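Student: What follows is a single structure, and I will ask about it in a moment.
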Amino acid sequence: MAEQVQDESKRDFLALSAYVTLGVGTVAGTLGILNSLTPSADVLALASIEVDVASLAPGQAITVMWRGKPVFIRRRTPEQIDDARGVALSALKDPQTDAERTVEGKEEYLVVVGVCTHLGCIPKGQKEADVRGDFGGWYCPCHGSHYDISGRIRKGPAPLNLPVPEYEFLSDTNIKIG
Amino acid sequence: MSQANQYKGFAGWLEKRLPIISPADHFFNHYPTPRNLNYFWNFGAIAGLLMGLMILTGLILAMQYTPSTLHAFDSVERIMRDVNYGWLLRYLHMNGASFFFIAVYIHIFRGVYYGSYKGEREVLWILGIVILVLMMAIAFMGYSLVWGNMSFWGVTVITNLFSAIPVVGDTLVTWLWGGFSVDNPTLNRFFVLHFALPFVLLAVVGLHVLALHQVGSNNPLGIDMKGPQDTMSFHPYFTMEKLFFIGLFFTIYFLVVFFAPNMLGEAINYEPANPLSTPEHIVPEWYFLPFYAILRSIPDKLGGVIAMGGAIVALGLLPWLDRSPIRSARFRPVFQIMVFVFVIACIILGFVGAQVPADAFQIYGVQVFGSLSVLRTGQIFTAIYFGFFVLLPFVPLFERPRKMPRSIAEAIDGHA
Ligand code: HEM
Ligand code: FES
């Protein structure tokens with residue numbers, strides 16, 4: 001070029017604005033794409049469910065589906081409740097009292113999400129004939145996690161207790177989960 | 001560019017307009033190849049061919065497959081029963097994945113034994129490890145497509161591995177699933193990725209070969225080529241030799257496809273996925289077993305995941321961990337023994353991964369270590385697996401190498 005560039009700051013401005021536009025656009029676009037892969041509205045809209053537990057005798061359990069996952073509802077015998085309440089917190093990997101995991105006055109019923117907190121298998125123990133592990137609650141056969149009658153992890157690779165979903169008693173025997 | 005080229009006729013005409021003749025010519029006719037390559041040097045070509053076959057059979061299967069939780073399992077059964085030669089396509093694809101892994105595992109073993117990651121081959125080696133990881137991701141997602149009960153629970157357990165990551169783990173898993181459990185959104189995205197990633201794999205394989213042709217092939221002696229006396233033309237000598245061995249390998253592959261197509265699979269995957277019933281015993285496909293065994297050997301969730309990932313990362317670090325200037329294990333008495341122990345550890349970990357942790361360890365019914373449990377056996381051989389990498393940097397300090405020939409030609413002809 002014959003002529004000297006007069007004002008280099010113009011060129012710098014063009015370059016800078018191009019970089020900023022590209023940068024902001026790329027970040028915004030990427031965030032949008034990543035976000036589109038999160039659970040969609042219809043998946044999130046899975047309503048809460050109501051369960052009637054009138055037919056459960058002490059010692060029995062039922063499994064219901066909630067948000068694509070099984071929820072265990074176990075009606076516990078008085079001995080089992082005593083057993084769950086007698087455990088020292090220091091003996092627990094994920095310390096939680098049985099009272100924190102049940103509704104006051106309804107401690108007979110234990111409601112937990114039936115998904116092993118290790119890698120997501122469904123623990124055995126809902127059926128009378130199932131292996132229930134060393135602590136009489138549930139046993140996950142995948143990698144050997146033992147849960148007690150309060151759904152707390154007692155032995156094996158799982159790090160956490162079986163989670164307690166949000167639920168309330170609508171009547172004496174009617175539970176609303178979610 | 002209008003400069004003349006050495007090619008005549010149509011090749012010359014095309015080369016002038018699109019420079020693809022000269023790279024191909026270089027690839028086949030002018031790639032100096034060490035004279036002393038043995039049959040271990042065939043597995044790369046075999047893996048490449050299998051990749052082509054996987055893409056071909058996969059494309060045709062995808063024309064008949066339906067990626068929806070309601071129809072996936074039935075559409076695979078329809079391929080097996082109603083589609084003309086559908087059973088053949090599926091068995092080729094299913095067993096093709098296994099033979100792809102067989103070829104690649106032997107290919108990697110070859111690289112370790114002959115020190116093929118040395119001599120400016122770090123990028124070549126890392127690209128190889130990227131290929132391995134991509135293959136694992138592709139095979140894992142392909143297995144989920146069948147939507148059998150082992151597919152479903154395999155996906156559940158493996159995706160849950162990510163929940164071990166502190167703080168963001170659970171969010172990440174929900175994001176991966178696109179929901180609160182493995183479900184239709186998961187199957188759909190896995191289908192798309194299983195379709196698309198093989199083409200990414202193809203590109204990475206291209207780079208792997210490009211890096212190879214930049215540095216050149218290693219050989220069983222691990223000595224660099226010094227001149228024409230050490231080499232032979234790739235074509236026709238090595239193309240012929242490879243063709244023979246490829247024929248042998250594919251004969252075995254086809255014997256399995258036609259006479260024992262389900263030998264390497266799990267019967268439970270012929271049951272449709274059931275989110276309410278975990279199989280008694282979850283086992284991944286055989287090519288994941290050693291890694292699965294390492295995962296289960298560590299009694300801590302995050303620790304197990306780190307160890308499993310570390311097992312692959314450690315392989316990738318070989319060029320930096322191995323400090324000896326000598327490549328081939330032939331001349332390294334200590335390293336040679338270590339490699340054999342390492343391979344045996346991998347095989348034993350494979351058996352460990354398929355068995356129930358609390359049982360006594362056995363190989364085809366024989367309790368080779370007495371009453372030692374599967375869990376303990378896994379822990380011992382996990383320690384040996386990592387021990388190999390930990391010991392490696394120190395070996396040159398005490399190892400006394402065997403006497404080496406001065407060149408490839410000297411080793412073969414007796415004079416340089
Ligand atoms: C590098 C390559 C690939 C590998 C290692 C691979 C691996 C696998 C595996 C292990 C399965 C499960 C087989 C079974 O148990 O039935 C599978 C299934 C499937 N793959 Fe691939 N695949 C590859 C490439 C492709 C490509 C490129 C496509 C499509 C364009 C494809 C389409 C399918 C389909 C539709 C299925 C489900 C049907 C079935 O199970 O046979 N695959 N793949
Ligand atoms: S998933 Fe339950 S112990 Fe691993």
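In the structure tokens, each chain is lettered A, B, ... as it comes, each chain's residues begin at 1, and ligands are numbered from 1 in order of appearance.
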As a ChimeraX atom specification, please: every protein or nucleic acid residue near ligand 2 (cut-off 10 Å, counting only C-alpha atoms and all ligand atoms).
Tutor: /A:115-124,139-146,155-159 /B:153,156-158,160-161,278,282,296,301
Student: Find the residues in chain B near chain A: any atom within 10 Å counts, using only C-alpha atoms. Write them as a ChimeraX atom specification.
Tutor: /B:153-164,171-183,185-186,189,275-283,296-302,304,356-358
Student: For the residues selected in the previous step, produce a file with C-alpha atoms as a compact mmCIF listing (two decimals), in the first residue's frame.
Tutor:
```txt
# COMPACT_ATOMS: atom_id res chain seq x y z
CA TRP B 153 -28.94 -51.35 34.33
CA GLY B 154 -25.52 -51.07 32.76
CA VAL B 155 -26.36 -47.51 31.70
CA THR B 156 -27.81 -46.74 35.12
CA VAL B 157 -24.73 -47.95 36.99
CA ILE B 158 -22.16 -46.39 34.65
CA THR B 159 -23.84 -42.98 34.32
CA ASN B 160 -24.18 -42.94 38.10
CA LEU B 161 -20.37 -43.07 38.30
CA PHE B 162 -20.43 -39.36 37.58
CA SER B 163 -22.49 -38.71 40.72
CA ALA B 164 -19.29 -39.45 42.65
CA THR B 171 -26.64 -32.20 38.63
CA LEU B 172 -24.30 -33.65 36.04
CA VAL B 173 -26.03 -37.04 36.10
CA THR B 174 -29.48 -35.45 35.75
CA TRP B 175 -28.10 -33.48 32.82
CA LEU B 176 -26.67 -36.62 31.22
CA TRP B 177 -30.01 -38.42 31.58
CA GLY B 178 -32.19 -35.47 30.64
CA GLY B 179 -34.45 -36.60 33.48
CA PHE B 180 -34.46 -38.17 36.93
CA SER B 181 -33.67 -41.66 35.73
CA VAL B 182 -32.43 -43.37 32.57
CA ASP B 183 -35.37 -42.94 30.22
CA PRO B 185 -34.41 -38.69 26.56
CA THR B 186 -31.33 -40.73 27.53
CA ARG B 189 -29.27 -38.80 22.89
CA PRO B 275 -36.71 -50.16 35.64
CA LEU B 276 -38.17 -52.04 38.62
CA SER B 277 -36.00 -55.12 38.50
CA THR B 278 -32.24 -54.99 38.81
CA PRO B 279 -30.61 -58.19 37.50
CA GLU B 280 -29.12 -60.34 40.27
CA HIS B 281 -25.68 -59.71 38.94
CA ILE B 282 -24.78 -56.78 36.72
CA VAL B 283 -21.87 -57.45 34.40
CA ARG B 296 -15.17 -52.38 42.62
CA SER B 297 -11.85 -53.02 44.36
CA ILE B 298 -11.86 -49.62 46.04
CA PRO B 299 -14.46 -49.58 48.85
CA ASP B 300 -15.08 -45.85 48.41
CA LYS B 301 -17.38 -44.46 45.69
CA LEU B 302 -15.25 -41.51 44.57
CA GLY B 304 -13.30 -46.29 42.86
CA VAL B 356 -19.64 -61.66 42.68
CA PRO B 357 -17.33 -59.76 45.11
CA ALA B 358 -18.04 -61.94 48.17
```
Student: Which of these, A:Ser90, A:Thr102, A:Thr97, A:Ser9, has the shortest distance to A:Arg76 once you count only C-alpha atoms?
Tutor: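 Result for the nearest residue to A:Arg76: A:Thr102.
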Student: Can you tell me which residues come within 6 Å of ligand 1 when counting only C-alpha atoms and all ligand atoms, ideally as a list of chain:residue names?
Tutor: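 After applying the 6 Å limit, what remains is B:Met51, B:Met54, B:Ile55, B:Gly58, B:Leu59, B:Leu61, B:Ala62, B:Tyr65, B:Val76, B:Arg90, B:Met94, B:Ala97, B:Met135, B:Ile138, B:Ala139, B:Gly142, B:Tyr143, B:Leu145, B:Val146, B:His194, B:Phe195, B:Pro198.
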Student: Can you tell me which residues surround A:Arg85 at a distance of at most 10 Å, considering only C-alpha atoms, apart from same-chain residues fewer than 4 positions away, and format the answer as a PyMOL selection string?
Tutor: chain A and resi 79-81+89+97-99+149-150
Student: So which residues touch B:Leu201 within 9 Å, counting only C-alpha atoms, skipping near sequence neighbours fewer than 2 positions away, as a list in words?
Tutor: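 Answer for this query is Met51, Val130, Ile131, Leu134, Met135, Leu197, Pro198, Phe199, Ala203, Val204, Val205 and Gly206 of chain B.
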Student: Atoms to include: all heavy atoms. Write the selected residues as an mmCIF file, in the first residue's frame.
Tutor:
```
data_model
loop_
_atom_site.group_PDB
_atom_site.id
_atom_site.type_symbol
_atom_site.label_atom_id
_atom_site.label_comp_id
_atom_site.auth_asym_id
_atom_site.auth_seq_id
_atom_site.Cartn_x
_atom_site.Cartn_y
_atom_site.Cartn_z
ATOM 1 N N MET B 51 -13.271 -51.054 12.077
ATOM 2 C CA MET B 51 -13.974 -49.788 12.255
ATOM 3 C C MET B 51 -14.843 -49.515 11.029
ATOM 4 O O MET B 51 -16.015 -49.137 11.154
ATOM 5 C CB MET B 51 -12.980 -48.650 12.469
ATOM 6 C CG MET B 51 -13.647 -47.312 12.647
ATOM 7 S SD MET B 51 -12.469 -46.008 12.955
ATOM 8 C CE MET B 51 -11.513 -46.061 11.456
ATOM 9 N N VAL B 130 -6.827 -41.782 23.119
ATOM 10 C CA VAL B 130 -8.090 -41.099 22.801
ATOM 11 C C VAL B 130 -8.999 -42.043 22.009
ATOM 12 O O VAL B 130 -10.210 -42.136 22.256
ATOM 13 C CB VAL B 130 -7.822 -39.796 21.999
ATOM 14 C CG1 VAL B 130 -9.124 -39.187 21.500
ATOM 15 C CG2 VAL B 130 -7.065 -38.792 22.856
ATOM 16 N N ILE B 131 -8.409 -42.795 21.084
ATOM 17 C CA ILE B 131 -9.186 -43.768 20.311
ATOM 18 C C ILE B 131 -9.821 -44.796 21.248
ATOM 19 O O ILE B 131 -11.008 -45.112 21.142
ATOM 20 C CB ILE B 131 -8.285 -44.465 19.267
ATOM 21 C CG1 ILE B 131 -7.921 -43.475 18.160
ATOM 22 C CG2 ILE B 131 -8.959 -45.698 18.698
ATOM 23 C CD1 ILE B 131 -6.873 -43.985 17.196
ATOM 24 N N LEU B 134 -12.728 -43.211 23.140
ATOM 25 C CA LEU B 134 -13.866 -43.019 22.228
ATOM 26 C C LEU B 134 -14.571 -44.345 21.956
ATOM 27 O O LEU B 134 -15.795 -44.434 21.984
ATOM 28 C CB LEU B 134 -13.379 -42.435 20.903
ATOM 29 C CG LEU B 134 -13.377 -40.914 20.770
ATOM 30 C CD1 LEU B 134 -12.746 -40.524 19.435
ATOM 31 C CD2 LEU B 134 -14.796 -40.369 20.841
ATOM 32 N N MET B 135 -13.772 -45.388 21.700
ATOM 33 C CA MET B 135 -14.355 -46.708 21.443
ATOM 34 C C MET B 135 -15.200 -47.165 22.617
ATOM 35 O O MET B 135 -16.267 -47.752 22.446
ATOM 36 C CB MET B 135 -13.241 -47.740 21.242
ATOM 37 C CG MET B 135 -12.663 -47.786 19.864
ATOM 38 S SD MET B 135 -11.278 -48.934 19.855
ATOM 39 C CE MET B 135 -12.095 -50.500 20.167
ATOM 40 N N LEU B 197 -20.425 -40.297 16.956
ATOM 41 C CA LEU B 197 -19.057 -40.426 17.461
ATOM 42 C C LEU B 197 -18.149 -41.317 16.617
ATOM 43 O O LEU B 197 -16.953 -41.060 16.522
ATOM 44 C CB LEU B 197 -19.056 -40.887 18.924
ATOM 45 C CG LEU B 197 -19.425 -39.819 19.957
ATOM 46 C CD1 LEU B 197 -19.295 -40.384 21.368
ATOM 47 C CD2 LEU B 197 -18.543 -38.584 19.820
ATOM 48 N N PRO B 198 -18.676 -42.404 15.985
ATOM 49 C CA PRO B 198 -17.778 -43.192 15.134
ATOM 50 C C PRO B 198 -17.113 -42.348 14.050
ATOM 51 O O PRO B 198 -15.996 -42.643 13.626
ATOM 52 C CB PRO B 198 -18.695 -44.249 14.529
ATOM 53 C CG PRO B 198 -19.730 -44.460 15.577
ATOM 54 C CD PRO B 198 -19.970 -43.093 16.163
ATOM 55 N N PHE B 199 -17.766 -41.271 13.619
ATOM 56 C CA PHE B 199 -17.143 -40.436 12.590
ATOM 57 C C PHE B 199 -16.060 -39.547 13.198
ATOM 58 O O PHE B 199 -15.071 -39.231 12.547
ATOM 59 C CB PHE B 199 -18.214 -39.643 11.845
ATOM 60 C CG PHE B 199 -19.156 -40.560 11.096
ATOM 61 C CD1 PHE B 199 -20.344 -40.982 11.670
ATOM 62 C CD2 PHE B 199 -18.797 -41.066 9.859
ATOM 63 C CE1 PHE B 199 -21.178 -41.876 11.008
ATOM 64 C CE2 PHE B 199 -19.629 -41.963 9.185
ATOM 65 C CZ PHE B 199 -20.818 -42.367 9.766
ATOM 66 N N ALA B 203 -11.967 -39.664 12.328
ATOM 67 C CA ALA B 203 -11.062 -38.530 12.173
ATOM 68 C C ALA B 203 -9.835 -38.684 13.075
ATOM 69 O O ALA B 203 -8.705 -38.421 12.644
ATOM 70 C CB ALA B 203 -11.802 -37.232 12.491
ATOM 71 N N VAL B 204 -10.040 -39.137 14.306
ATOM 72 C CA VAL B 204 -8.909 -39.302 15.219
ATOM 73 C C VAL B 204 -7.982 -40.415 14.714
ATOM 74 O O VAL B 204 -6.755 -40.310 14.801
ATOM 75 C CB VAL B 204 -9.380 -39.586 16.661
ATOM 76 C CG1 VAL B 204 -8.197 -39.770 17.592
ATOM 77 C CG2 VAL B 204 -10.257 -38.451 17.161
ATOM 78 N N VAL B 205 -8.561 -41.471 14.153
ATOM 79 C CA VAL B 205 -7.740 -42.530 13.574
ATOM 80 C C VAL B 205 -6.901 -41.958 12.435
ATOM 81 O O VAL B 205 -5.722 -42.292 12.281
ATOM 82 C CB VAL B 205 -8.618 -43.709 13.082
ATOM 83 C CG1 VAL B 205 -7.819 -44.694 12.250
ATOM 84 C CG2 VAL B 205 -9.242 -44.423 14.278
ATOM 85 N N GLY B 206 -7.504 -41.045 11.655
ATOM 86 C CA GLY B 206 -6.766 -40.375 10.588
ATOM 87 C C GLY B 206 -5.546 -39.639 11.136
ATOM 88 O O GLY B 206 -4.436 -39.773 10.608
#
```
Student: Show which residues sit within 12 Å of A:Arg101, as a compact mmCIF listing (two decimals) with N, CA and C atoms, in the first residue's frame. Count only C-alpha atoms, and ignore same-chain residues fewer than 2 positions away.
Tutor:
```txt
# COMPACT_ATOMS: atom_id res chain seq x y z
N ILE A 81 -38.84 -50.58 64.89
CA ILE A 81 -38.69 -49.16 65.20
C ILE A 81 -37.70 -48.98 66.35
N ALA A 84 -34.27 -49.44 65.06
CA ALA A 84 -33.79 -48.29 64.29
C ALA A 84 -33.43 -47.13 65.20
N ARG A 85 -34.17 -46.97 66.29
CA ARG A 85 -33.94 -45.82 67.18
C ARG A 85 -32.80 -46.08 68.16
N PRO A 95 -24.72 -39.89 59.30
CA PRO A 95 -25.47 -39.85 60.56
C PRO A 95 -26.80 -39.11 60.45
N GLN A 96 -27.84 -39.83 60.78
CA GLN A 96 -29.20 -39.27 60.78
C GLN A 96 -30.00 -40.13 61.76
N THR A 97 -30.80 -39.49 62.62
CA THR A 97 -31.61 -40.31 63.52
C THR A 97 -32.82 -40.82 62.77
N ASP A 98 -33.43 -41.87 63.31
CA ASP A 98 -34.63 -42.41 62.68
C ASP A 98 -35.74 -41.35 62.71
N ALA A 99 -35.78 -40.55 63.78
CA ALA A 99 -36.82 -39.53 63.90
C ALA A 99 -36.74 -38.51 62.77
N VAL A 103 -42.13 -39.30 59.89
CA VAL A 103 -43.05 -38.25 60.32
C VAL A 103 -43.46 -38.55 61.76
N GLU A 104 -43.45 -37.54 62.60
CA GLU A 104 -43.79 -37.76 64.00
C GLU A 104 -45.20 -38.31 64.14
N LYS A 106 -46.11 -41.03 63.03
CA LYS A 106 -46.29 -41.99 61.94
C LYS A 106 -45.00 -42.77 61.72
N GLU A 107 -44.24 -42.92 62.81
CA GLU A 107 -42.91 -43.53 62.63
C GLU A 107 -42.99 -45.00 62.20
N GLU A 108 -44.21 -45.55 62.23
CA GLU A 108 -44.39 -46.90 61.72
C GLU A 108 -44.01 -46.99 60.23
N TYR A 109 -44.31 -45.92 59.50
CA TYR A 109 -44.09 -45.96 58.05
C TYR A 109 -42.74 -45.33 57.68
N LEU A 110 -41.98 -46.10 56.93
CA LEU A 110 -40.74 -45.53 56.41
C LEU A 110 -40.94 -45.35 54.90
N VAL A 111 -40.69 -44.15 54.41
CA VAL A 111 -40.85 -43.87 52.98
C VAL A 111 -39.49 -43.42 52.45
N VAL A 112 -38.89 -44.21 51.55
CA VAL A 112 -37.58 -43.84 51.00
C VAL A 112 -37.54 -44.11 49.50
N VAL A 113 -36.69 -43.37 48.80
CA VAL A 113 -36.49 -43.63 47.37
C VAL A 113 -35.64 -44.90 47.26
N ILE A 149 -33.11 -50.79 58.84
CA ILE A 149 -34.57 -50.69 58.74
C ILE A 149 -35.03 -49.23 58.73
N SER A 150 -34.07 -48.31 58.80
CA SER A 150 -34.40 -46.91 58.62
C SER A 150 -33.90 -46.43 57.25
N GLY A 151 -33.41 -47.39 56.43
CA GLY A 151 -32.89 -47.04 55.11
C GLY A 151 -31.55 -46.35 55.17
N ARG A 152 -30.83 -46.52 56.31
CA ARG A 152 -29.52 -45.87 56.43
C ARG A 152 -28.41 -46.81 56.00
N ASN A 161 -27.45 -42.46 52.94
CA ASN A 161 -28.69 -43.16 53.25
C ASN A 161 -29.63 -43.10 52.06
N LEU A 162 -30.59 -44.06 52.01
CA LEU A 162 -31.62 -43.97 50.97
C LEU A 162 -32.37 -42.66 51.22
N PRO A 163 -32.51 -41.80 50.20
CA PRO A 163 -33.11 -40.50 50.45
C PRO A 163 -34.60 -40.59 50.79
N VAL A 164 -35.05 -39.70 51.67
CA VAL A 164 -36.46 -39.62 52.02
C VAL A 164 -37.08 -38.57 51.12
N PRO A 165 -38.07 -38.94 50.28
CA PRO A 165 -38.68 -37.93 49.41
C PRO A 165 -39.57 -37.00 50.23
N GLU A 166 -39.96 -35.90 49.63
CA GLU A 166 -40.90 -35.00 50.28
C GLU A 166 -42.26 -35.72 50.30
N TYR A 167 -42.87 -35.87 51.47
CA TYR A 167 -44.21 -36.50 51.49
C TYR A 167 -44.98 -36.05 52.72
```
Student: In Å, with one decimal, what is the gap from atom CA of B:Ser217 to atom CA of B:Pro34?
Tutor: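 Distance reported for this atom pair: 7.1 Å.
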Student: Just the residues within 12 Å of B:Lys242, please, counting only C-alpha atoms, with nothing from its chain fewer than 4 positions along; format it as number ranges by chain.
Tutor: B: 37-46, 49, 234-238, 246-250
Student: Any idea what's packed within 8 Å of B:Phe100, counting only C-alpha atoms, ignoring anything in its chain fewer than 2 positions away? Could you give it as a list in words?
Tutor: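 Once the nearby chain positions are removed, what remains is Ala47, Leu50, Met51, Gly96, Ala97, Ser98, Ile102, Ala103 and Val104 of chain B.
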Student: Residues as selected, N, CA and C atoms, written as a CSV table (one decimal), in the first residue's frame, can you do that?
Tutor:
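And here's out_32.csv as it stands now:
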```
chain,number,residue,atom,x,y,z
B,47,ALA,N,-7.8,-53.4,13.1
B,47,ALA,CA,-8.7,-52.5,13.8
B,47,ALA,C,-9.3,-51.5,12.9
B,50,LEU,N,-12.0,-53.2,10.9
B,50,LEU,CA,-13.2,-53.4,11.7
B,50,LEU,C,-14.0,-52.2,11.9
B,51,MET,N,-13.3,-51.1,12.1
B,51,MET,CA,-14.0,-49.8,12.3
B,51,MET,C,-14.8,-49.5,11.0
B,96,GLY,N,-18.6,-57.7,16.1
B,96,GLY,CA,-17.5,-56.8,15.6
B,96,GLY,C,-17.0,-55.9,16.7
B,97,ALA,N,-17.8,-55.4,17.6
B,97,ALA,CA,-17.4,-54.6,18.7
B,97,ALA,C,-16.4,-55.4,19.5
B,98,SER,N,-16.7,-56.6,19.8
B,98,SER,CA,-15.8,-57.5,20.6
B,98,SER,C,-14.4,-57.6,19.9
B,102,ILE,N,-10.6,-56.7,20.8
B,102,ILE,CA,-9.5,-57.7,20.9
B,102,ILE,C,-8.3,-57.1,20.1
B,103,ALA,N,-8.6,-56.6,18.9
B,103,ALA,CA,-7.5,-56.1,18.0
B,103,ALA,C,-6.8,-54.9,18.7
B,104,VAL,N,-7.6,-54.0,19.2
B,104,VAL,CA,-7.0,-52.8,19.8
B,104,VAL,C,-6.2,-53.1,21.1
```
Student: Please determine, counting only C-alpha atoms, which residue among B:Ile223, B:Val192, B:Val83, B:Val390 has the shortest atom-to-atom distance to B:Glu410.
Tutor: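 Ranked by minimum distance to B:Glu410, first place goes to B:Ile223.
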Student: Give the answer as one residue: which of A:Gly29, A:Ile73, A:Pro78, A:Leu16 has the shortest atom-to-atom distance to A:Val53, using only C-alpha atoms?
Tutor: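 Ranking A:Gly29, A:Ile73, A:Pro78, A:Leu16 by distance to A:Val53, first place goes to A:Ile73.
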Student: Would you give me, as an MDAnalysis selection string, the residues in chain A that DSSP reads as strand (DSSP E or B)?
Tutor: chainID A and resid 49:52 61:66 69:75 109:113 124 136:140 145:148 153:155 167:169 174:177
Student: From a backbone DSSP assignment, name each residue in stretch 21-159 of chain B labelled alpha helix (DSSP H), as a VMD selection string.
Tutor: chain B and resid 21 to 29 43 to 62 72 to 81 86 to 113 122 to 145 149 to 159
Student: Any idea what the distance is between atom CA of A:Ala54 and atom CA of A:Gly178?
Tutor: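 Between atom CA of A:Ala54 and atom CA of A:Gly178 the gap is 19.5 Å.
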